[in-house]
$ cat final-v6.cif   # mmCIF, C-alpha atoms
data_data
loop_
_atom_site.label_atom_id
_atom_site.label_comp_id
_atom_site.auth_asym_id
_atom_site.auth_seq_id
_atom_site.Cartn_x
_atom_site.Cartn_y
_atom_site.Cartn_z
CA MET A 1 24.88 -97.53 82.05
CA PRO A 2 22.62 -99.26 84.63
CA THR A 3 23.58 -102.71 85.82
CA VAL A 4 20.88 -105.28 86.49
CA ARG A 5 21.26 -108.35 88.70
CA PHE A 6 18.80 -111.12 89.37
CA THR A 7 17.84 -113.43 92.19
CA TYR A 8 19.43 -116.86 91.77
CA ALA A 9 15.89 -118.30 91.83
CA LEU A 10 15.28 -117.10 88.28
CA LYS A 11 18.20 -119.14 86.99
CA ARG A 12 16.03 -122.23 87.34
CA PHE A 13 13.92 -120.98 84.46
CA PHE A 14 16.61 -119.01 82.62
CA PRO A 15 19.82 -120.96 83.21
CA THR A 16 22.06 -118.55 81.30
CA LEU A 17 20.77 -115.51 83.18
CA ARG A 18 23.62 -113.21 84.23
CA GLU A 19 24.35 -109.71 85.42
CA MET A 20 23.98 -107.29 82.55
CA GLU A 21 24.68 -103.68 81.71
CA ILE A 22 21.69 -102.22 79.92
CA GLN A 23 21.18 -98.87 78.26
CA ALA A 24 17.83 -97.69 79.61
CA ALA A 25 16.32 -94.52 81.06
CA THR A 26 13.42 -96.11 82.94
CA LEU A 27 12.68 -99.40 84.66
CA PRO A 28 10.10 -100.48 82.05
CA GLU A 29 12.68 -99.81 79.32
CA LEU A 30 15.25 -101.79 81.23
CA LEU A 31 12.88 -104.73 81.59
CA ASP A 32 12.07 -104.61 77.88
CA GLU A 33 15.77 -104.98 77.16
CA VAL A 34 16.00 -107.89 79.59
CA GLU A 35 13.04 -109.47 77.84
CA ALA A 36 14.77 -109.13 74.47
CA ALA A 37 17.79 -111.00 75.85
CA PHE A 38 15.74 -113.58 77.79
CA PRO A 39 12.32 -113.98 76.16
CA GLY A 40 9.60 -114.75 78.68
CA LEU A 41 11.45 -113.40 81.71
CA LYS A 42 9.42 -110.22 82.01
CA ASN A 43 6.30 -112.29 82.53
CA TYR A 44 7.92 -113.90 85.57
CA VAL A 45 8.62 -110.50 87.13
CA LEU A 46 5.57 -108.50 86.04
CA ASP A 47 1.92 -109.43 85.59
CA GLU A 48 -0.05 -108.73 82.43
CA ARG A 49 -0.74 -105.18 83.63
CA GLY A 50 3.00 -104.48 83.78
CA SER A 51 2.87 -104.32 87.58
CA LEU A 52 5.41 -106.00 89.81
CA ARG A 53 4.22 -109.42 90.95
CA LYS A 54 3.21 -109.60 94.60
CA HIS A 55 6.22 -111.56 95.80
CA VAL A 56 8.86 -109.93 93.63
CA ASN A 57 10.87 -106.89 94.65
CA ILE A 58 13.02 -104.48 92.65
CA PHE A 59 15.72 -102.50 94.39
CA VAL A 60 17.45 -99.49 92.83
CA ASN A 61 20.79 -98.77 94.51
CA GLY A 62 19.65 -100.79 97.49
CA SER A 63 16.27 -99.10 97.95
CA LEU A 64 13.00 -100.84 97.32
CA ILE A 65 11.06 -99.12 94.54
CA ALA A 66 7.93 -97.25 95.61
CA ASP A 67 5.81 -97.60 92.49
CA ARG A 68 5.03 -101.29 92.08
CA GLU A 69 2.25 -100.51 89.60
CA LYS A 70 3.95 -98.54 86.86
CA LEU A 71 7.61 -98.82 87.90
CA SER A 72 8.06 -95.06 87.61
CA ASP A 73 10.90 -94.87 90.14
CA PRO A 74 13.84 -93.08 88.51
CA ILE A 75 16.98 -94.93 87.59
CA GLY A 76 20.31 -93.17 87.21
CA GLU A 77 23.01 -93.53 84.62
CA ASP A 78 25.17 -95.80 86.76
CA CYS A 79 22.62 -97.31 89.10
CA GLU A 80 22.41 -100.91 90.21
CA VAL A 81 19.06 -102.65 89.81
CA PHE A 82 18.37 -105.85 91.74
CA ILE A 83 15.42 -108.06 90.84
CA MET A 84 14.73 -110.17 93.91
CA GLN A 85 12.08 -112.50 95.25
CA ALA A 86 10.30 -111.72 98.47
CA LEU A 87 10.15 -114.49 101.02
CA SER A 88 6.80 -116.24 101.25
CA GLY A 89 5.10 -119.59 101.29
CA GLY A 90 6.00 -122.90 102.87
CA MET B 1 -6.85 -148.22 79.15
CA LYS B 2 -5.63 -145.33 81.29
CA ASN B 3 -2.14 -146.32 82.37
CA HIS B 4 -0.89 -143.05 83.85
CA LEU B 5 -1.97 -140.97 86.76
CA LEU B 6 -1.23 -137.25 86.87
CA LEU B 7 -1.20 -135.84 90.39
CA GLY B 8 -1.13 -132.05 90.57
CA THR B 9 0.29 -131.31 94.02
CA ARG B 10 1.57 -128.45 96.13
CA LYS B 11 5.13 -129.54 95.36
CA GLY B 12 5.00 -130.57 91.72
CA LEU B 13 3.42 -132.89 89.19
CA ILE B 14 3.77 -136.52 90.23
CA VAL B 15 3.27 -139.10 87.50
CA CYS B 16 2.29 -142.65 88.46
CA HIS B 17 2.22 -145.76 86.30
CA ARG B 18 -0.19 -148.65 86.44
CA LYS B 19 1.45 -151.75 87.86
CA SER B 20 -0.12 -155.18 88.61
CA GLY B 21 -3.51 -153.94 89.74
CA GLY B 22 -2.15 -150.85 91.44
CA TRP B 23 -0.06 -147.76 90.82
CA LYS B 24 3.60 -146.92 91.27
CA ILE B 25 5.04 -143.46 91.60
CA GLY B 26 7.26 -142.72 88.63
CA SER B 27 8.53 -139.25 87.90
CA VAL B 28 8.23 -135.79 89.43
CA HIS B 29 7.97 -132.74 87.20
CA PHE B 30 8.19 -129.07 88.23
CA GLU B 31 9.62 -130.18 91.54
CA GLY B 32 8.70 -127.87 94.40
CA ILE B 33 6.25 -125.81 92.35
CA PRO B 34 2.50 -125.92 93.06
CA VAL B 35 0.58 -127.55 90.19
CA SER B 36 -3.03 -126.44 90.35
CA LEU B 37 -4.17 -128.76 87.58
CA ALA B 38 -2.62 -131.55 85.51
CA TRP B 39 -4.70 -132.83 82.65
CA GLU B 40 -4.44 -135.01 79.57
CA ASN B 41 -6.35 -133.88 76.53
CA PRO B 42 -8.03 -137.16 75.62
CA LEU B 43 -8.37 -136.11 71.98
CA ASP B 44 -4.65 -135.84 71.25
CA GLY B 45 -2.85 -137.21 74.32
CA THR B 46 -1.15 -133.90 75.17
CA TRP B 47 -0.39 -133.47 78.85
CA TRP B 48 -0.99 -130.03 80.35
CA ALA B 49 0.40 -128.70 83.62
CA CYS B 50 -0.95 -125.50 85.16
CA LEU B 51 1.56 -124.02 87.58
CA ASP B 52 0.94 -121.59 90.39
CA HIS B 53 4.37 -120.20 91.18
CA GLY B 54 4.27 -118.37 94.47
CA HIS B 55 6.49 -115.65 93.09
CA TRP B 56 6.46 -115.73 89.33
CA GLY B 57 2.76 -115.94 88.45
CA VAL B 58 0.75 -118.68 86.81
CA LYS B 59 2.37 -120.64 84.01
CA MET B 60 1.21 -123.25 81.56
CA HIS B 61 3.29 -126.10 80.14
CA ARG B 62 2.46 -128.86 77.66
CA SER B 63 4.06 -132.13 76.76
CA THR B 64 3.37 -134.19 73.64
CA ASP B 65 5.58 -137.07 74.78
CA ARG B 66 4.05 -137.97 78.14
CA GLY B 67 6.27 -135.75 80.19
CA ALA B 68 9.65 -136.49 78.58
CA ASN B 69 9.79 -132.85 77.45
CA TRP B 70 7.75 -129.84 78.47
CA GLN B 71 7.20 -126.59 76.61
CA GLU B 72 6.03 -123.42 78.34
CA VAL B 73 3.24 -121.62 76.49
CA ALA B 74 1.91 -118.14 77.21
CA ALA B 75 -0.64 -118.59 79.98
CA PRO B 76 -4.06 -116.92 79.61
CA ALA B 77 -3.78 -113.20 80.37
CA PHE B 78 -6.41 -110.49 80.62
CA PRO B 79 -6.41 -107.74 78.01
CA GLU B 80 -5.61 -104.17 78.99
CA GLY B 81 -8.35 -102.39 80.91
CA LYS B 82 -10.27 -105.37 82.27
CA GLU B 83 -11.25 -105.04 85.90
CA ILE B 84 -12.47 -107.65 88.39
CA LYS B 85 -14.50 -104.87 89.92
CA GLU B 86 -14.15 -101.12 89.82
CA GLY B 87 -10.58 -100.14 90.50
CA VAL B 88 -9.25 -103.71 90.70
CA PRO B 89 -7.33 -104.66 87.54
CA ALA B 90 -7.91 -108.19 86.30
CA THR B 91 -4.90 -110.48 86.23
CA THR B 92 -4.86 -114.24 85.97
CA GLN B 93 -4.35 -115.58 89.48
CA TYR B 94 -5.03 -119.29 89.14
CA LEU B 95 -5.58 -121.80 86.35
CA TRP B 96 -8.41 -123.99 87.52
CA ALA B 97 -10.15 -125.85 84.69
CA MET B 98 -9.33 -127.12 81.21
CA SER B 99 -11.31 -128.73 78.43
CA HIS B 100 -10.78 -129.61 74.82
CA GLY B 101 -13.13 -128.02 72.32
CA GLY B 102 -14.73 -131.16 70.93
CA ALA B 103 -13.61 -133.64 68.27
CA ASP B 104 -14.56 -131.28 65.45
CA HIS B 105 -12.23 -128.57 66.82
CA PRO B 106 -8.95 -130.40 67.40
CA ASN B 107 -6.96 -127.22 68.10
CA ARG B 108 -9.50 -125.67 70.46
CA LEU B 109 -8.95 -125.43 74.22
CA TRP B 110 -10.98 -123.79 76.97
CA VAL B 111 -9.36 -122.68 80.22
CA GLY B 112 -11.12 -121.49 83.37
CA THR B 113 -9.35 -119.16 85.77
CA ILE B 114 -9.58 -117.20 88.97
CA PRO B 115 -10.74 -114.34 88.86
CA GLY B 116 -13.52 -115.77 86.69
CA GLY B 117 -12.16 -115.37 83.17
CA LEU B 118 -12.87 -118.07 80.61
CA PHE B 119 -10.22 -118.23 77.91
CA LEU B 120 -10.30 -119.80 74.45
CA SER B 121 -7.43 -121.02 72.31
CA GLU B 122 -7.89 -121.97 68.66
CA ASP B 123 -4.23 -122.96 68.21
CA ASN B 124 -3.82 -125.69 70.81
CA GLY B 125 -2.61 -123.34 73.50
CA ASP B 126 -0.14 -121.21 71.57
CA SER B 127 -2.35 -118.23 72.44
CA PHE B 128 -5.47 -117.59 74.51
CA GLN B 129 -8.18 -114.95 74.27
CA LEU B 130 -10.57 -113.90 77.01
CA VAL B 131 -14.17 -114.92 76.28
CA GLU B 132 -15.59 -111.44 76.59
CA SER B 133 -19.22 -112.54 76.38
CA LEU B 134 -19.00 -114.34 79.72
CA TRP B 135 -16.72 -111.74 81.31
CA ASN B 136 -19.28 -109.08 80.34
CA HIS B 137 -22.26 -111.13 81.51
CA PRO B 138 -24.48 -108.83 83.59
CA SER B 139 -24.48 -111.31 86.45
CA ARG B 140 -20.72 -111.04 87.00
CA SER B 141 -21.20 -108.23 89.52
CA GLN B 142 -22.98 -110.85 91.63
CA TRP B 143 -20.09 -113.35 91.46
CA PHE B 144 -17.69 -113.56 94.38
CA GLY B 145 -14.89 -115.65 95.75
CA GLY B 146 -15.44 -118.64 98.01
CA GLY B 147 -12.24 -119.66 99.72
CA PHE B 148 -10.28 -117.59 97.22
CA ASP B 149 -10.40 -113.81 97.04
CA HIS B 150 -12.17 -113.82 93.69
CA PRO B 151 -14.57 -116.08 91.78
CA GLY B 152 -13.21 -118.82 89.59
CA ILE B 153 -14.29 -121.15 86.79
CA ASP B 154 -13.74 -124.64 88.15
CA ALA B 155 -15.41 -126.88 85.54
CA ILE B 156 -15.97 -126.70 81.78
CA PHE B 157 -18.12 -129.17 79.88
CA VAL B 158 -18.28 -129.36 76.10
CA ASP B 159 -21.23 -131.38 74.87
CA PRO B 160 -19.88 -134.30 72.80
CA ARG B 161 -23.03 -134.14 70.63
CA ASN B 162 -22.57 -130.48 69.78
CA SER B 163 -19.34 -128.69 70.59
CA ASP B 164 -21.08 -125.29 70.40
CA ARG B 165 -22.89 -126.21 73.58
CA LEU B 166 -20.90 -125.51 76.71
CA LEU B 167 -21.54 -125.47 80.41
CA VAL B 168 -19.21 -123.75 82.84
CA SER B 169 -19.35 -123.72 86.58
CA VAL B 170 -18.39 -120.59 88.49
CA SER B 171 -17.55 -120.70 92.19
CA CYS B 172 -19.28 -118.51 93.28
CA GLY B 173 -21.58 -117.48 90.47
CA GLY B 174 -23.35 -120.62 89.34
CA VAL B 175 -23.68 -122.65 86.18
CA PHE B 176 -23.78 -120.96 82.77
CA GLU B 177 -24.72 -122.44 79.40
CA SER B 178 -23.79 -121.35 75.93
CA THR B 179 -25.35 -122.90 72.83
CA ASP B 180 -23.44 -120.80 70.33
CA GLY B 181 -19.84 -121.70 71.00
CA GLY B 182 -19.39 -119.17 73.77
CA LYS B 183 -20.88 -116.09 72.09
CA SER B 184 -23.70 -115.78 74.63
CA TRP B 185 -24.49 -117.27 78.04
CA GLN B 186 -27.51 -118.03 80.18
CA GLY B 187 -27.60 -118.92 83.87
CA ARG B 188 -28.64 -122.51 84.62
CA ASN B 189 -29.22 -122.51 88.35
CA LYS B 190 -32.87 -123.39 88.72
CA GLY B 191 -33.37 -125.70 91.69
CA LEU B 192 -30.00 -124.95 93.29
CA ARG B 193 -29.87 -123.52 96.77
CA ALA B 194 -27.41 -120.97 98.12
CA ASP B 195 -27.94 -120.98 101.88
CA PHE B 196 -25.24 -118.31 102.27
CA LEU B 197 -27.22 -115.70 100.29
CA PRO B 198 -30.10 -113.57 101.60
CA ASP B 199 -32.23 -115.27 98.93
CA PRO B 200 -31.11 -118.93 98.71
CA HIS B 201 -32.95 -119.26 95.41
CA ALA B 202 -31.31 -116.28 93.76
CA GLU B 203 -30.64 -116.64 90.07
CA TYR B 204 -26.89 -116.16 90.51
CA GLY B 205 -24.26 -116.44 93.21
CA HIS B 206 -24.41 -120.22 93.65
CA ASP B 207 -21.34 -122.20 94.56
CA PRO B 208 -20.90 -125.29 92.42
CA HIS B 209 -17.74 -126.89 93.80
CA MET B 210 -17.61 -129.39 90.96
CA MET B 211 -19.85 -130.27 88.02
CA VAL B 212 -19.55 -133.37 85.83
CA ALA B 213 -21.65 -134.75 82.99
CA ALA B 214 -22.32 -138.43 82.40
CA PRO B 215 -20.39 -139.57 79.31
CA THR B 216 -23.15 -141.96 78.21
CA ASN B 217 -25.90 -139.37 78.65
CA PRO B 218 -24.60 -135.81 78.81
CA ASP B 219 -28.02 -134.50 79.80
CA VAL B 220 -27.40 -136.07 83.21
CA LEU B 221 -25.20 -133.74 85.24
CA TRP B 222 -23.96 -134.00 88.78
CA GLN B 223 -22.87 -131.21 91.01
CA GLN B 224 -21.18 -131.21 94.40
CA ASN B 225 -22.33 -127.83 95.54
CA HIS B 226 -21.43 -125.88 98.66
CA CYS B 227 -24.99 -126.52 99.81
CA GLY B 228 -25.43 -130.16 98.90
CA ILE B 229 -25.31 -132.60 96.02
CA PHE B 230 -27.47 -131.74 93.03
CA ARG B 231 -28.39 -133.62 89.88
CA SER B 232 -29.92 -132.58 86.60
CA VAL B 233 -31.51 -134.91 84.06
CA ASP B 234 -32.39 -132.20 81.55
CA GLY B 235 -29.03 -130.77 80.62
CA ALA B 236 -28.84 -128.31 83.54
CA LYS B 237 -32.22 -126.66 82.88
CA THR B 238 -33.27 -127.75 86.37
CA TRP B 239 -31.42 -129.22 89.33
CA ALA B 240 -32.67 -131.40 92.19
CA ASP B 241 -31.09 -131.81 95.61
CA VAL B 242 -30.05 -135.45 95.99
CA SER B 243 -28.03 -135.05 99.19
CA GLU B 244 -28.30 -137.79 101.75
CA LYS B 245 -30.80 -136.79 104.42
CA ASP B 246 -29.30 -138.74 107.33
CA GLY B 247 -25.80 -139.57 106.25
CA PRO B 248 -22.48 -138.09 105.24
CA ALA B 249 -23.13 -137.44 101.53
CA LYS B 250 -23.85 -133.73 101.59
CA PHE B 251 -20.91 -131.34 101.86
CA GLY B 252 -17.69 -131.80 99.92
CA PHE B 253 -15.80 -130.67 96.88
CA ALA B 254 -15.09 -133.52 94.47
CA MET B 255 -17.67 -135.31 92.29
CA ALA B 256 -17.29 -138.10 89.74
CA VAL B 257 -19.74 -139.96 87.53
CA ALA B 258 -19.32 -143.40 86.01
CA ASP B 259 -18.18 -143.70 82.39
CA ASP B 260 -20.93 -146.17 81.63
CA LYS B 261 -23.78 -145.48 84.08
CA PRO B 262 -25.24 -142.00 84.31
CA ASP B 263 -26.93 -142.83 87.61
CA GLN B 264 -23.73 -143.96 89.35
CA ALA B 265 -21.69 -141.21 91.00
CA TRP B 266 -19.25 -140.63 93.84
CA VAL B 267 -18.49 -137.93 96.39
CA VAL B 268 -16.01 -137.71 99.26
CA PRO B 269 -17.79 -135.99 102.15
CA ALA B 270 -16.45 -133.47 104.64
CA VAL B 271 -18.28 -132.21 107.72
CA SER B 272 -19.36 -128.75 106.54
CA ASP B 273 -18.15 -125.43 105.27
CA PHE B 274 -17.41 -124.46 108.88
CA ASN B 275 -15.45 -127.62 109.63
CA ARG B 276 -13.55 -128.91 106.65
CA VAL B 277 -12.39 -132.30 107.89
CA ALA B 278 -13.47 -135.89 107.23
CA VAL B 279 -16.81 -136.65 108.88
CA GLY B 280 -16.07 -137.95 112.38
CA PHE B 281 -12.36 -137.97 111.49
CA SER B 282 -13.25 -141.08 109.52
CA LEU B 283 -12.75 -141.00 105.75
CA CYS B 284 -15.35 -142.49 103.44
CA VAL B 285 -16.36 -142.37 99.81
CA CYS B 286 -20.08 -142.29 99.08
CA ARG B 287 -21.58 -143.81 95.96
CA THR B 288 -25.06 -143.76 94.55
CA ASP B 289 -26.21 -146.33 92.00
CA ASP B 290 -29.71 -144.99 91.56
CA GLY B 291 -29.35 -141.37 90.56
CA GLY B 292 -29.01 -140.05 94.09
CA LYS B 293 -32.08 -141.70 95.64
CA SER B 294 -29.76 -143.55 98.02
CA TRP B 295 -26.08 -143.43 98.97
CA LYS B 296 -23.71 -146.04 100.33
CA ALA B 297 -20.62 -145.10 102.35
CA PHE B 298 -17.54 -147.20 101.65
CA ARG B 299 -14.75 -147.21 104.23
CA ASN B 300 -12.78 -150.41 103.61
CA GLY B 301 -9.11 -149.47 103.34
CA LEU B 302 -9.61 -145.82 104.29
CA PRO B 303 -8.46 -144.32 107.62
CA GLN B 304 -11.24 -144.56 110.19
CA GLU B 305 -9.69 -142.46 112.92
CA ASN B 306 -7.65 -139.27 113.12
CA SER B 307 -8.38 -138.40 109.50
CA PHE B 308 -8.38 -134.71 108.69
CA ASP B 309 -8.39 -135.43 104.96
CA ILE B 310 -10.61 -133.61 102.56
CA VAL B 311 -10.56 -134.02 98.80
CA TYR B 312 -10.36 -130.96 96.59
CA ARG B 313 -12.69 -130.58 93.63
CA HIS B 314 -10.37 -131.90 90.92
CA ALA B 315 -8.78 -134.63 93.02
CA LEU B 316 -11.16 -137.53 92.34
CA ALA B 317 -10.96 -139.44 89.04
CA VAL B 318 -12.74 -142.46 87.61
CA THR B 319 -12.31 -144.73 84.61
CA GLY B 320 -14.26 -147.98 84.40
CA ASN B 321 -13.96 -149.79 87.73
CA ASP B 322 -10.94 -147.71 88.78
CA LEU B 323 -11.11 -144.70 91.04
CA VAL B 324 -8.29 -142.62 92.49
CA PHE B 325 -8.39 -139.69 94.86
CA GLY B 326 -5.82 -137.54 96.63
CA THR B 327 -6.30 -135.55 99.81
CA THR B 328 -5.25 -132.32 101.41
CA THR B 329 -2.93 -134.22 103.75
CA GLY B 330 -1.09 -136.00 100.96
CA ASN B 331 -2.80 -139.37 101.03
CA VAL B 332 -3.63 -141.01 97.71
CA PHE B 333 -5.99 -143.98 97.55
CA PHE B 334 -7.16 -146.13 94.66
CA SER B 335 -9.94 -148.62 94.14
CA ASN B 336 -10.41 -151.34 91.52
CA ASP B 337 -14.02 -152.09 92.44
CA ARG B 338 -15.86 -148.83 91.90
CA GLY B 339 -15.00 -147.47 95.30
CA GLU B 340 -16.11 -150.36 97.49
CA SER B 341 -12.59 -151.02 98.80
CA TRP B 342 -9.46 -148.91 98.76
CA GLN B 343 -5.71 -149.33 98.79
CA VAL B 344 -3.02 -146.82 99.63
CA LEU B 345 -0.93 -145.44 96.80
CA SER B 346 1.02 -143.19 99.16
CA ASN B 347 0.63 -141.54 102.56
CA TYR B 348 3.51 -139.14 102.15
CA LEU B 349 2.75 -136.86 99.24
CA PRO B 350 2.20 -133.10 99.26
CA MET B 351 -1.32 -131.68 99.36
CA VAL B 352 -3.11 -132.94 96.24
CA TYR B 353 -4.90 -130.42 94.05
CA SER B 354 -5.82 -132.58 91.08
CA VAL B 355 -5.93 -136.21 90.01
CA GLY B 356 -6.13 -137.05 86.33
CA LEU B 357 -6.09 -140.36 84.52
CA ALA B 358 -4.10 -140.43 81.30
CA SER B 359 -3.49 -142.92 78.52
#

$ encode --input "final-v6.cif" --output "structure tokens"
Amino acid sequence: MPTVRFTYALKRFFPTLREMEIQAATLPELLDEVEAAFPGLKNYVLDERGSLRKHVNIFVNGSLIADREKLSDPIGEDCEVFIMQALSGG
Amino acid sequence: MKNHLLLGTRKGLIVCHRKSGGWKIGSVHFEGIPVSLAWENPLDGTWWACLDHGHWGVKMHRSTDRGANWQEVAAPAFPEGKEIKEGVPATTQYLWAMSHGGADHPNRLWVGTIPGGLFLSEDNGDSFQLVESLWNHPSRSQWFGGGFDHPGIDAIFVDPRNSDRLLVSVSCGGVFESTDGGKSWQGRNKGLRADFLPDPHAEYGHDPHMMVAAPTNPDVLWQQNHCGIFRSVDGAKTWADVSEKDGPAKFGFAMAVADDKPDQAWVVPAVSDFNRVAVGFSLCVCRTDDGGKSWKAFRNGLPQENSFDIVYRHALAVTGNDLVFGTTTGNVFFSNDRGESWQVLSNYLPMVYSVGLAS
């Protein structure tokens, strides 16, 4: 079952956010499950098109995903998914 | 009496309280997060904060207890399939203007965004729908961004005499009027000038930086435009250039009109679009008392050397004799005499995006 971890920055808005094991075959499915557990979170990570926000990154087993638009990168049975913020601003 | 000041800044919402003829900084909300607009709905006293998270998108929060508690609501979002232009999906990038819907529609809200979407809520912000009639206006292909990548709606005016009559200002696009509650729209740009277009008198593509209507006579409208200061006395059917010929009152962003005198208005000049600093590094506020025939520059209490300050379009507010403005370098000044003299509220705040007076 994939494991998903989050940047600490998201805990400001979702204080009980924690690492989770989620039954999902695709990244969009995985994010739907995260949304069910933490309503509103998906909208922080994706825009209304379902695309990854400009300054957010998703890593699967340590590799940055390639498809930021539709999140079609494959995820394996026991993969680790990291939802991270990019560094920007000042 | 407006006893609170809502400062939308690059590092949060700063709330100030009125204190013995001046203002005192009170609380900070959304610390560290850019607040593009903070606004009190004067009809019900709700405070609204529009957030521009660098990472997490735009968010909207409301408070019904003057900031003691905030509730996040679903920010305006574009429906599936909408495109800014061919091949560029439309997503909400910035929340830039808010208005209530008039006293006869207590649950109605209008929100203006970048990339140019106007949104309507009929449930006091629980949900928003794109106003398709304006999004589908044939002129939209001639809108473009000025300073931002895409066009944005920076001012919304609902006529207090008839809440079906609206004016919105699009930067860059121009002024649009609806007389049927937003079902259809007509351009209202006659008399404006767009020096940056091949045809300065084009019907569309104008850059109204800020548009305000006089509360005591809503047919009198003022506009700080990219290409000067313009005034209308016929409800935006026609505009006249009232910029100062030999003085600083010409280029700028912010514009305010007196609550009680339609012919009294203020601007805070900058040099030009190519040099966005205070004129001569010397900050002044210009006021007209005669409908733009003449302007006076007031400098008492404002920095007269080494001032790089400019004032963004939503960062000048007026109520009665009181004015407040905040600058791009984090200075906030207030006046108790209609702008003739100024005092410092703070010199050490973040860049100020919006200044709103609240009850």

$ residues_around --input "final-v6.cif" --residues "Asn61 of chain A" --least-positions-apart "2" --cutoff "9 Å" --atoms "only C-alpha atoms" --output "JSON, numbers by chain"
{"A": [59, 63, 64, 75, 79, 80, 81, 82]}

$ write_last_selection --input "final-v6.cif" --atoms "C-alpha atoms" --output "PDB file, in the coordinates of the input"
ATOM      1  CA  PHE A  59      15.720-102.500  94.390  1.00  0.00           C
ATOM      2  CA  SER A  63      16.270 -99.100  97.950  1.00  0.00           C
ATOM      3  CA  LEU A  64      13.000-100.840  97.320  1.00  0.00           C
ATOM      4  CA  ILE A  75      16.980 -94.930  87.590  1.00  0.00           C
ATOM      5  CA  CYS A  79      22.620 -97.310  89.100  1.00  0.00           C
ATOM      6  CA  GLU A  80      22.410-100.910  90.210  1.00  0.00           C
ATOM      7  CA  VAL A  81      19.060-102.650  89.810  1.00  0.00           C
ATOM      8  CA  PHE A  82      18.370-105.850  91.740  1.00  0.00           C
TER       9      PHE A  82
END

$ resolve_selection --input "final-v6.cif" --expression "the PyMOL selection byres ((chain B) within 8 of (chain A))" --output "JSON list (two decimals) with C-alpha atoms, keeping the file's coordinate frame"
[["chain", "number", "residue", "atom", "x", "y", "z"],
["B", 54, "GLY", "CA", 4.27, -118.37, 94.47],
["B", 55, "HIS", "CA", 6.49, -115.65, 93.09],
["B", 56, "TRP", "CA", 6.46, -115.73, 89.33],
["B", 57, "GLY", "CA", 2.76, -115.94, 88.45],
["B", 77, "ALA", "CA", -3.78, -113.20, 80.37],
["B", 78, "PHE", "CA", -6.41, -110.49, 80.62],
["B", 79, "PRO", "CA", -6.41, -107.74, 78.01],
["B", 80, "GLU", "CA", -5.61, -104.17, 78.99],
["B", 89, "PRO", "CA", -7.33, -104.66, 87.54],
["B", 91, "THR", "CA", -4.90, -110.48, 86.23]]

$ resolve_selection --input "final-v6.cif" --expression "the PyMOL selection byres ((chain A and resi 14-22) around 9)" --output "list in words"
Met1, Pro2, Thr3, Val4, Arg5, Phe6, Tyr8, Leu10, Lys11, Arg12, Phe13, Gln23, Ala24, Leu30, Glu33, Val34, Phe38 and Leu41 of chain A

$ atom_distance --input "final-v6.cif" --atom1 "atom CA of Pro74 of chain A" --atom2 "atom CA of Glu35 of chain A"
19.6 Å

$ resolve_selection --input "final-v6.cif" --expression "the PyMOL selection byres ((chain B and resi 259) around 8)" --output "number ranges by chain"
B: 214-216, 257-258, 260-262, 318-320

$ residues_around --input "final-v6.cif" --residues "Cys172 of chain B" --least-positions-apart "4" --cutoff "7 Å" --atoms "all atoms listed in the file" --output "list in words"
Trp143, Phe144, Gly145, Gly146, Pro151, Gly205, His206 and Asp207 of chain B
